[in-house]
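Student: Here it is: the structure, laid out below.
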Amino acid sequence: MDTKSFAPRLRLLATVLAAAALLAAGCRREPQPAGQAGSGAPHRGGTVVTGWTAEPGGVNDLILPASQPTHEMLFRVFLHLVEEQSDFDQHPPTFRPQLARSWDWSADHKTLTFHLRDDVVWSDGVPVTADDVRWTWQAQMSRDVVWEGADSKQWITDVEAVDPHTVRFHFSRVYAKQLLDANEGLVYPKHAWEKLPFSEWRKSGDWFKQHLVVDGPFTIGSWQPQQQVVLQRNERYYEKGLPRLDRVVMRLVPSQSAGLTQLLNGELDFLPQIAPGDVKRVQAAPQLQLIAYWFNVYVAVGWNNENPLFQGPEVRRALTLGIDRQKIVDTLLGPYGRVADSPVLTMVWAHDKSLKPWPYDPAEARRILAAKGWRDTDGDGVLDKGGRPFSFELLTNAGNQLRTDATVMIQDQLKQIGVQAMPRQVEFNTLMSQTNEGKFAAAILGFTMDTSLDLRSNFHSRSIVEGANYVRYRNPEMDRLIEQAASQPEMLAEKPYLDQIQQLVHREQPVTFLWESQRLTAVNKKVKDVRPTLAFSFFNLKEWWVEPKP
Amino acid sequence: MVGRTEALSRTLAGFLLRRLAASLLLLLLVLTVLFFLVRRVPGDPTQFGEGSRLTPTQRERLQELYGLKRPLLAQYLDWVSSVSLRFDWGTSLSQQRPVSAALLDALPATAILAFSGLAVEYLLALLLGIAAARRPGSGLDHAIRVGGLLLYSLPIFWLGLMAVLLFAYLWPVLPSSHMHSVDVDLLSPAQSLLDLGRHLVLPALVMGFGVGGGTARYVRARLLEVLGQDYIRTARAKGLSERRVLWVHALRNAAVPIVQLVGVTLPGMLSGALLIEVVFSWPGLGLLAFNAILARDYPLILGATSFSATLVILGNLAADLAHAWLDPVVRNEAA
């Protein structure tokens, strides 16, 4: 998911080496497997050691590329105005007060006023005020800072500090995601960081660490580059009694399998993601607990819609019919995956439940391709038309075993209908470069879904240049539906348009959906009340506790 | 005697100057090739990964801020002058900090690992090489040669993984990774040093054993070559003990190529034994460079690689000087 905020946008992502090496997984409301909840009164104190395959990038995410470890850490160190809840399975997500104790709207719905808590202070004792909120917005919009989430603020014309505990957001238009957009991004300490001009920010990562003050439940105790970051309790955190842990160590591990070894021998207490193939090892260890929950990524084959091979929905649908997706899911994911059929994930309130995945039907696929003029005229087993064989490279990112295995299975299945797919692994940055520039035929990619359900980035024709429509899909009907959905005043009103979009994608198959999957988290049973969400393994970190040693 | 020493000094100084000049030219050539090679790799530092929301306009702005929109030649000239005149490698694009700071952070870890690995390697190589050379053709000699070849042939990452499996998992007596324990902040300096020692054991042994087998064969071969020389026969004929022949006469002469080998090996180790560092989560230069490459962090890639190139060139220079100093033929020529 786009962990940049709780108000992420749906966007394509080619899953990162580490996260991608495994499943994209899915999410459910608040997973609380048996035995994981604490028995008895929560204990205060103790340390939990967690393992990560990548290191947090720094302490100021306005100048950092999006990364899971960075946001896992920073979201426990700094606060948002409000906190989005993971209750989006039946309706749009709701919000809980955080830095703001309440909020209200003007009559024309173009002004949103937050009333800030008066008991929140930075870790140096300075109160958190509306000035911090306004200054953070200025930093977010600075052309020198180049915050990658700045697009979410495009309709905000001003942020006004009315008094120390009242801040007002002014919008140029009314739309459904105004609260999401106002809440986008963390609030940073003006008094500590304003000394550095915005123009210096992108070369001053160390400076922010040296001038760190926080208002979240944890602060950063120590940072050993390429080794570990130690979070320790912020004694000035406003929620009394929280956090329960003294320290949380984010330790870098070379790989998920190495992390699992360390978890098994007790060096780690928590591993946010393990491979499906490792589930048995976790289940066989009496001290460990497996937490499985649906995650917010779907994996699909993106067809370059501008490539002559893939032009026309019939051909793309034939390719989908020629891929046995259930077999791929059963083989690679077992019970921890399911066939995907929509860009709106099955677990989300706006998913169109009337959709049924296209079946595996190679005979129908062959018939459609023949009707479109694809025949094996030279008897080499590969269809051809006008002298051109139906042959292409199927890319995926190197290091992702799951997707590599899928490319091989797809190659074998498409061969049965006379289509030659040639698997090729490329390094992640190279793959992103090729897909951005449209220099590819087909690629297995991960797409992240967030709760804003904004499909513009992936399927609007304008996003071919401006966004993440890597498959270069153009359809005026799609553009119209996306714009109509985005112009609704509230999210529930978007549902009819989202249904039509899903049906159009289903008919036209600009991508062939492969799977949704579960994220598999392993945790030592001594750690209690661990409740990861689709966005964060550390979602309720402040509530975790460990049983004292007897 | 004084004149002889002066002549030797002048000769060595001249040699040093010539080699230094050649080394600087070589370094410039390497940096130039590196610069253009790195920029030919697909992708760029603004090509963020999963979940990135960077718009094309923002990417262009970042490229502008990073100076990537200027002509490549202008970027190259700026970079070379900045590095050579101000020793400034620029700012890491992925870490938003000076490249030199990132390199200096990683250098101690790599240096500790490299010198420890080197010590293990040469201790092993000298022990096994001498033992084998003393009784050529014996069962022990065969065992050492085959064992050395086997060790040298094994992929070092596999050796590392097996060491972790054996000594950190099946028989958990040593830590499997990292340079320090989780609680290092709470330890006294002496405990911290001990903690470092425990963490160093496995990576240093793997690094030393991984290459030590090959070096043992090299030591054996050099020793056997020396032991066949006339002056060794003369020494034996003079009635010197076999121990003295071996340790004083043979080993001293065999040391010249062995020292040269150290000069070549050490810079490689210092520039980061990537696989070892990855397997053991050792926070050194190799890991730093690897992550920089994935992120297309041009300044950091160039900083790390030019640092390595410098070390290799200096290492070779040092080896040549050592050779000139140790080799009596060179000394006599100088005199």
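Letters A, B, ... go to the chains of the structure tokens in the order shown; residues in each chain start at 1; ligands are counted from 1 in the same order.
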What lies within 7 Å of Pro97 in chain A using only C-alpha atoms, ignoring chain neighbours under 4 positions off, as a PyMOL selection string?

Tutor: chain A and resi 82-83+101-102

Student: Could you name the residues that touch range 201-215 of chain A at 6 Å or less, counting only C-alpha atoms, but leaving out those on the same chain fewer than 6 positions away, as a VMD selection string?

Tutor: (chain A and resid 77 to 78 122 to 123) or (chain B and resid 96 to 97)

Student: Could you save the residues just selected, with N, CA and C atoms, as a PDB file, in the first residue's frame?

Tutor:
```pdb
ATOM      1  N   VAL A  77       6.344   7.885  15.487  1.00  0.00           N
ATOM      2  CA  VAL A  77       7.198   8.919  16.057  1.00  0.00           C
ATOM      3  C   VAL A  77       6.532  10.305  15.943  1.00  0.00           C
ATOM      4  N   PHE A  78       5.777  10.479  14.847  1.00  0.00           N
ATOM      5  CA  PHE A  78       5.032  11.724  14.649  1.00  0.00           C
ATOM      6  C   PHE A  78       3.541  11.405  14.528  1.00  0.00           C
ATOM      7  N   TRP A 122       5.818  18.547  22.047  1.00  0.00           N
ATOM      8  CA  TRP A 122       6.977  17.895  21.443  1.00  0.00           C
ATOM      9  C   TRP A 122       7.850  17.354  22.568  1.00  0.00           C
ATOM     10  N   SER A 123       8.770  16.484  22.204  1.00  0.00           N
ATOM     11  CA  SER A 123       9.558  15.818  23.249  1.00  0.00           C
ATOM     12  C   SER A 123      10.495  16.775  23.994  1.00  0.00           C
TER      13      SER A 123
ATOM     14  N   GLN B  96      20.413  11.533   1.502  1.00  0.00           N
ATOM     15  CA  GLN B  96      20.401  12.981   1.745  1.00  0.00           C
ATOM     16  C   GLN B  96      21.494  13.420   2.732  1.00  0.00           C
ATOM     17  N   ARG B  97      22.686  12.939   2.527  1.00  0.00           N
ATOM     18  CA  ARG B  97      23.805  13.315   3.387  1.00  0.00           C
ATOM     19  C   ARG B  97      25.085  13.250   2.551  1.00  0.00           C
TER      20      ARG B  97
END
```

Student: Which polymer residues have any atom within 7 Å of an atom of Glu547 in chain A, counting only C-alpha atoms, with same-chain residues fewer than 4 positions away left out, as a PyMOL selection string?

Tutor: chain A and resi 43+526-527

Student: Which of range 89-251 of chain B end up as alpha helix (DSSP H) when DSSP is run on this backbone - answer as a PyMOL selection string?

Tutor: chain B and resi 99-134+139-153+156-164+189-227+230-237+242-244+251

Student: Calculated over only C-alpha atoms, which of the candidates B:Trp282, B:Ala289, B:Ala131, B:Ala295 has the smallest distance to Ile112 in chain B?

Tutor: B:Trp282

Student: Got a sec: who's within 9 Å of Lys110 in chain A, counting only C-alpha atoms, leaving out chain neighbours fewer than 2 positions off, as an NGL selection string?

Tutor: :A and (105-108 or 112 or 169-174 or 178)

Student: Output C-alpha atoms for every residue in that selection, as a PDB file, in the first residue's frame.

Tutor:
```pdb
ATOM      1  CA  TRP A 105     -17.015  21.910   8.166  1.00  0.00           C
ATOM      2  CA  SER A 106     -18.199  25.258   6.887  1.00  0.00           C
ATOM      3  CA  ALA A 107     -21.661  25.440   5.341  1.00  0.00           C
ATOM      4  CA  ASP A 108     -20.290  25.370   1.790  1.00  0.00           C
ATOM      5  CA  LEU A 112     -12.391  22.309   7.265  1.00  0.00           C
ATOM      6  CA  PHE A 169      -7.940  24.198   5.708  1.00  0.00           C
ATOM      7  CA  HIS A 170      -9.423  26.111   2.759  1.00  0.00           C
ATOM      8  CA  PHE A 171     -10.342  24.153  -0.380  1.00  0.00           C
ATOM      9  CA  SER A 172     -10.997  25.403  -3.896  1.00  0.00           C
ATOM     10  CA  ARG A 173     -13.628  22.740  -4.531  1.00  0.00           C
ATOM     11  CA  VAL A 174     -15.844  20.240  -2.796  1.00  0.00           C
ATOM     12  CA  GLN A 178     -11.134  16.460   1.421  1.00  0.00           C
TER      13      GLN A 178
END
```

Student: Which is closest to chain A among B:Ser84, B:Ser153, B:Thr234, B:Thr91, if we use only C-alpha atoms?

Tutor: B:Thr91

Student: Find the residue from A:Glu466, A:Glu55, A:Glu490, A:Asp89 that sits nearest to chain B; use only C-alpha atoms when measuring.

Tutor: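 Looking at the shortest contact to chain B, the residue is A:Glu466.
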
Student: So that I can see what lies close to Ser81 in chain B, please list as number ranges by chain the residues with an atom at most 12 Å from it, counting only C-alpha atoms and leaving out residues fewer than 5 positions away in the same chain.

Tutor: B: 28, 31-32, 74-76, 86-90

Student: Hey, can you spit out that residue selection with C-alpha atoms as a CSV table (one decimal), in the first residue's frame?

Tutor:
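The result, written out as result.csv:
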```csv
chain,number,residue,atom,x,y,z
B,28,LEU,CA,41.5,9.3,-13.3
B,31,LEU,CA,36.9,7.4,-12.4
B,32,THR,CA,36.0,8.5,-15.9
B,74,ALA,CA,29.4,19.3,-17.7
B,75,GLN,CA,28.3,17.0,-14.8
B,76,TYR,CA,31.4,14.9,-15.3
B,86,ARG,CA,37.9,19.7,-2.8
B,87,PHE,CA,37.7,16.0,-2.0
B,88,ASP,CA,34.0,16.4,-2.1
B,89,TRP,CA,32.1,13.4,-3.5
B,90,GLY,CA,28.8,15.3,-3.3
```

Student: Quick one: distance from CA of Pro548 in chain A to CA of Asp246 in chain A in Å, one decimal?

Tutor: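 These atoms are spaced 12.5 Å apart.
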
Student: Using only C-alpha atoms, determine which residues lie at most 6 Å from range 497-502 of chain A, disregarding the query and same-chain residues fewer than 5 positions distant; provide the list as a PyMOL selection string.

Tutor: chain A and resi 342+352+481+485

Student: Residues of the last selection are to be written out with N, CA, C and O atoms, as a PDB file, in the first residue's frame.

Tutor:
```pdb
ATOM      1  N   SER A 342     -10.599  -7.722  -9.905  1.00  0.00           N
ATOM      2  CA  SER A 342     -10.971  -6.306  -9.980  1.00  0.00           C
ATOM      3  C   SER A 342      -9.853  -5.459  -9.384  1.00  0.00           C
ATOM      4  O   SER A 342      -9.132  -5.906  -8.496  1.00  0.00           O
ATOM      5  N   ASP A 352     -17.131  -4.756  -6.451  1.00  0.00           N
ATOM      6  CA  ASP A 352     -18.359  -5.192  -7.127  1.00  0.00           C
ATOM      7  C   ASP A 352     -18.479  -6.709  -6.998  1.00  0.00           C
ATOM      8  O   ASP A 352     -17.806  -7.462  -7.701  1.00  0.00           O
ATOM      9  N   LEU A 481     -15.983   7.929 -16.523  1.00  0.00           N
ATOM     10  CA  LEU A 481     -16.442   7.313 -15.268  1.00  0.00           C
ATOM     11  C   LEU A 481     -15.537   7.708 -14.090  1.00  0.00           C
ATOM     12  O   LEU A 481     -16.005   7.993 -12.987  1.00  0.00           O
ATOM     13  N   ALA A 485     -16.719   9.749 -10.828  1.00  0.00           N
ATOM     14  CA  ALA A 485     -16.538   9.225  -9.464  1.00  0.00           C
ATOM     15  C   ALA A 485     -15.821  10.258  -8.596  1.00  0.00           C
ATOM     16  O   ALA A 485     -16.213  10.513  -7.452  1.00  0.00           O
TER      17      ALA A 485
END
```

Student: Pick from B:Val278, B:Leu223, B:Ala235, B:Val164: nearest to chain A, with only C-alpha atoms counted?

Tutor: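 Smallest distance to chain A is found for B:Val278.
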
Student: For the atom pair CA of Gly216 in chain A and CA of Glu148 in chain A, what is the interatomic distance in Å to one decimal place?

Tutor: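 Calculated distance between CA of Gly216 in chain A and CA of Glu148 in chain A is 22.6 Å.
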
Student: May I ask which of the residues A:Gln311, A:Asn234, A:Gln326, A:Gln420 is the closest one to Phe392 in chain A, counting only C-alpha atoms?

Tutor: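 Nearest candidate to Phe392 in chain A out of A:Gln311, A:Asn234, A:Gln326, A:Gln420: A:Gln420.
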
Student: Just the residues within 10 Å of Leu251 in chain B, please, counting only C-alpha atoms, with nothing from its chain fewer than 2 positions along; format it as a CSV table (one decimal) with all heavy atoms, in the first residue's frame.

Tutor:
```
chain,number,residue,atom,x,y,z
B,126,LEU,N,49.6,-19.8,5.9
B,126,LEU,CA,51.0,-20.0,6.3
B,126,LEU,C,51.1,-21.4,7.0
B,126,LEU,O,52.0,-22.2,6.7
B,126,LEU,CB,51.5,-18.9,7.2
B,126,LEU,CG,51.8,-17.6,6.5
B,126,LEU,CD1,52.1,-16.5,7.5
B,126,LEU,CD2,52.9,-17.8,5.5
B,130,ILE,N,53.0,-24.1,4.8
B,130,ILE,CA,54.3,-24.6,5.3
B,130,ILE,C,54.3,-26.1,5.6
B,130,ILE,O,55.2,-26.9,5.3
B,130,ILE,CB,54.7,-23.8,6.6
B,130,ILE,CG1,55.0,-22.3,6.2
B,130,ILE,CG2,55.9,-24.4,7.3
B,130,ILE,CD1,55.1,-21.4,7.4
B,219,VAL,N,51.1,-20.3,-1.1
B,219,VAL,CA,52.2,-20.3,-0.2
B,219,VAL,C,53.1,-21.6,-0.4
B,219,VAL,O,54.3,-21.6,-0.5
B,219,VAL,CB,51.8,-20.2,1.3
B,219,VAL,CG1,52.9,-20.5,2.3
B,219,VAL,CG2,51.1,-18.8,1.5
B,222,ARG,N,55.1,-21.4,-3.6
B,222,ARG,CA,56.2,-20.5,-3.5
B,222,ARG,C,57.3,-21.1,-2.7
B,222,ARG,O,58.5,-20.9,-3.0
B,222,ARG,CB,55.8,-19.1,-2.9
B,222,ARG,CG,54.8,-18.3,-3.8
B,222,ARG,CD,55.4,-17.7,-5.0
B,222,ARG,NE,55.6,-18.7,-6.1
B,222,ARG,CZ,54.7,-19.2,-6.9
B,222,ARG,NH1,53.4,-18.8,-6.7
B,222,ARG,NH2,54.9,-20.0,-7.8
B,223,LEU,N,56.9,-21.7,-1.6
B,223,LEU,CA,57.9,-22.3,-0.7
B,223,LEU,C,58.7,-23.4,-1.4
B,223,LEU,O,59.9,-23.5,-1.3
B,223,LEU,CB,57.2,-22.8,0.6
B,223,LEU,CG,57.2,-21.9,1.8
B,223,LEU,CD1,56.5,-22.6,2.9
B,223,LEU,CD2,58.7,-21.6,2.2
B,226,VAL,N,61.2,-22.0,-3.7
B,226,VAL,CA,62.4,-21.5,-3.0
B,226,VAL,C,63.2,-22.6,-2.4
B,226,VAL,O,64.5,-22.5,-2.5
B,226,VAL,CB,61.9,-20.5,-1.8
B,226,VAL,CG1,63.1,-20.2,-0.9
B,226,VAL,CG2,61.3,-19.3,-2.4
B,227,LEU,N,62.5,-23.6,-1.9
B,227,LEU,CA,63.3,-24.7,-1.3
B,227,LEU,C,64.1,-25.5,-2.3
B,227,LEU,O,65.1,-26.2,-2.0
B,227,LEU,CB,62.3,-25.7,-0.6
B,227,LEU,CG,61.7,-25.2,0.7
B,227,LEU,CD1,60.6,-26.1,1.2
B,227,LEU,CD2,62.8,-25.1,1.8
B,244,ARG,N,65.8,-23.8,10.7
B,244,ARG,CA,66.4,-22.5,10.3
B,244,ARG,C,66.4,-22.3,8.8
B,244,ARG,O,66.1,-21.2,8.4
B,244,ARG,CB,67.9,-22.5,10.9
B,244,ARG,CG,68.5,-21.1,10.8
B,244,ARG,CD,69.8,-21.1,11.5
B,244,ARG,NE,70.5,-19.8,11.2
B,244,ARG,CZ,70.2,-18.6,11.7
B,244,ARG,NH1,69.2,-18.5,12.6
B,244,ARG,NH2,70.9,-17.6,11.4
B,245,VAL,N,66.6,-23.4,8.1
B,245,VAL,CA,66.5,-23.2,6.6
B,245,VAL,C,65.2,-22.8,6.2
B,245,VAL,O,65.0,-21.9,5.4
B,245,VAL,CB,66.9,-24.6,6.0
B,245,VAL,CG1,66.5,-24.6,4.5
B,245,VAL,CG2,68.3,-25.0,6.2
B,246,LEU,N,64.2,-23.4,6.8
B,246,LEU,CA,62.8,-23.1,6.4
B,246,LEU,C,62.4,-21.7,6.9
B,246,LEU,O,61.9,-20.9,6.1
B,246,LEU,CB,61.8,-24.1,7.0
B,246,LEU,CG,60.4,-23.9,6.7
B,246,LEU,CD1,60.1,-24.2,5.2
B,246,LEU,CD2,59.5,-24.8,7.6
B,247,TRP,N,62.5,-21.4,8.1
B,247,TRP,CA,62.0,-20.2,8.7
B,247,TRP,C,62.8,-18.9,8.4
B,247,TRP,O,62.3,-17.9,8.2
B,247,TRP,CB,61.8,-20.3,10.2
B,247,TRP,CG,60.7,-21.2,10.6
B,247,TRP,CD1,60.9,-22.5,10.9
B,247,TRP,CD2,59.3,-21.0,10.6
B,247,TRP,NE1,59.6,-23.1,11.1
B,247,TRP,CE2,58.7,-22.2,10.9
B,247,TRP,CE3,58.5,-19.8,10.3
B,247,TRP,CZ2,57.3,-22.3,11.0
B,247,TRP,CZ3,57.2,-20.0,10.4
B,247,TRP,CH2,56.5,-21.2,10.8
B,248,VAL,N,64.1,-19.1,8.3
B,248,VAL,CA,65.0,-17.9,8.1
B,248,VAL,C,65.2,-17.7,6.6
B,248,VAL,O,65.0,-16.6,6.0
B,248,VAL,CB,66.3,-18.0,8.8
B,248,VAL,CG1,67.2,-16.8,8.5
B,248,VAL,CG2,66.0,-18.1,10.3
B,249,HIS,N,65.6,-18.8,5.9
B,249,HIS,CA,66.1,-18.6,4.5
B,249,HIS,C,64.9,-18.7,3.5
B,249,HIS,O,64.7,-17.9,2.7
B,249,HIS,CB,67.2,-19.6,4.2
B,249,HIS,CG,68.4,-19.3,5.0
B,249,HIS,ND1,69.4,-18.4,4.6
B,249,HIS,CD2,68.8,-19.8,6.2
B,249,HIS,CE1,70.4,-18.3,5.5
B,249,HIS,NE2,70.0,-19.1,6.5
B,253,ASN,N,62.4,-15.5,1.7
B,253,ASN,CA,62.5,-15.3,0.2
B,253,ASN,C,61.1,-15.5,-0.4
B,253,ASN,O,60.7,-14.8,-1.4
B,253,ASN,CB,63.5,-16.1,-0.4
B,253,ASN,CG,64.9,-15.6,-0.1
B,253,ASN,OD1,65.3,-14.5,-0.6
B,253,ASN,ND2,65.7,-16.3,0.8
B,254,ALA,N,60.4,-16.5,0.2
B,254,ALA,CA,59.0,-16.7,-0.4
B,254,ALA,C,58.1,-15.6,0.0
B,254,ALA,O,57.0,-15.4,-0.6
B,254,ALA,CB,58.5,-18.1,0.2
B,255,ALA,N,58.5,-14.8,1.0
B,255,ALA,CA,57.6,-13.8,1.5
B,255,ALA,C,57.3,-12.7,0.5
B,255,ALA,O,56.3,-12.0,0.5
B,255,ALA,CB,58.2,-13.1,2.8
B,256,VAL,N,58.3,-12.5,-0.4
B,256,VAL,CA,58.1,-11.4,-1.4
B,256,VAL,C,56.8,-11.5,-2.2
B,256,VAL,O,56.0,-10.6,-2.1
B,256,VAL,CB,59.4,-11.3,-2.3
B,256,VAL,CG1,59.1,-10.2,-3.3
B,256,VAL,CG2,60.6,-11.0,-1.4
B,258,ILE,N,54.3,-13.3,-1.6
B,258,ILE,CA,53.2,-13.4,-0.6
B,258,ILE,C,52.7,-12.0,-0.2
B,258,ILE,O,51.6,-11.7,-0.1
B,258,ILE,CB,53.5,-14.3,0.6
B,258,ILE,CG1,53.8,-15.8,0.0
B,258,ILE,CG2,52.4,-14.3,1.6
B,258,ILE,CD1,54.3,-16.7,1.1
```

Student: Pick out the closest residue to Val173 in chain B from this set: A:Asn265, A:Ala176, A:Pro276, A:Ala486. Count only C-alpha atoms.

Tutor: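 Ranking A:Asn265, A:Ala176, A:Pro276, A:Ala486 by distance to Val173 in chain B, first place goes to A:Asn265.
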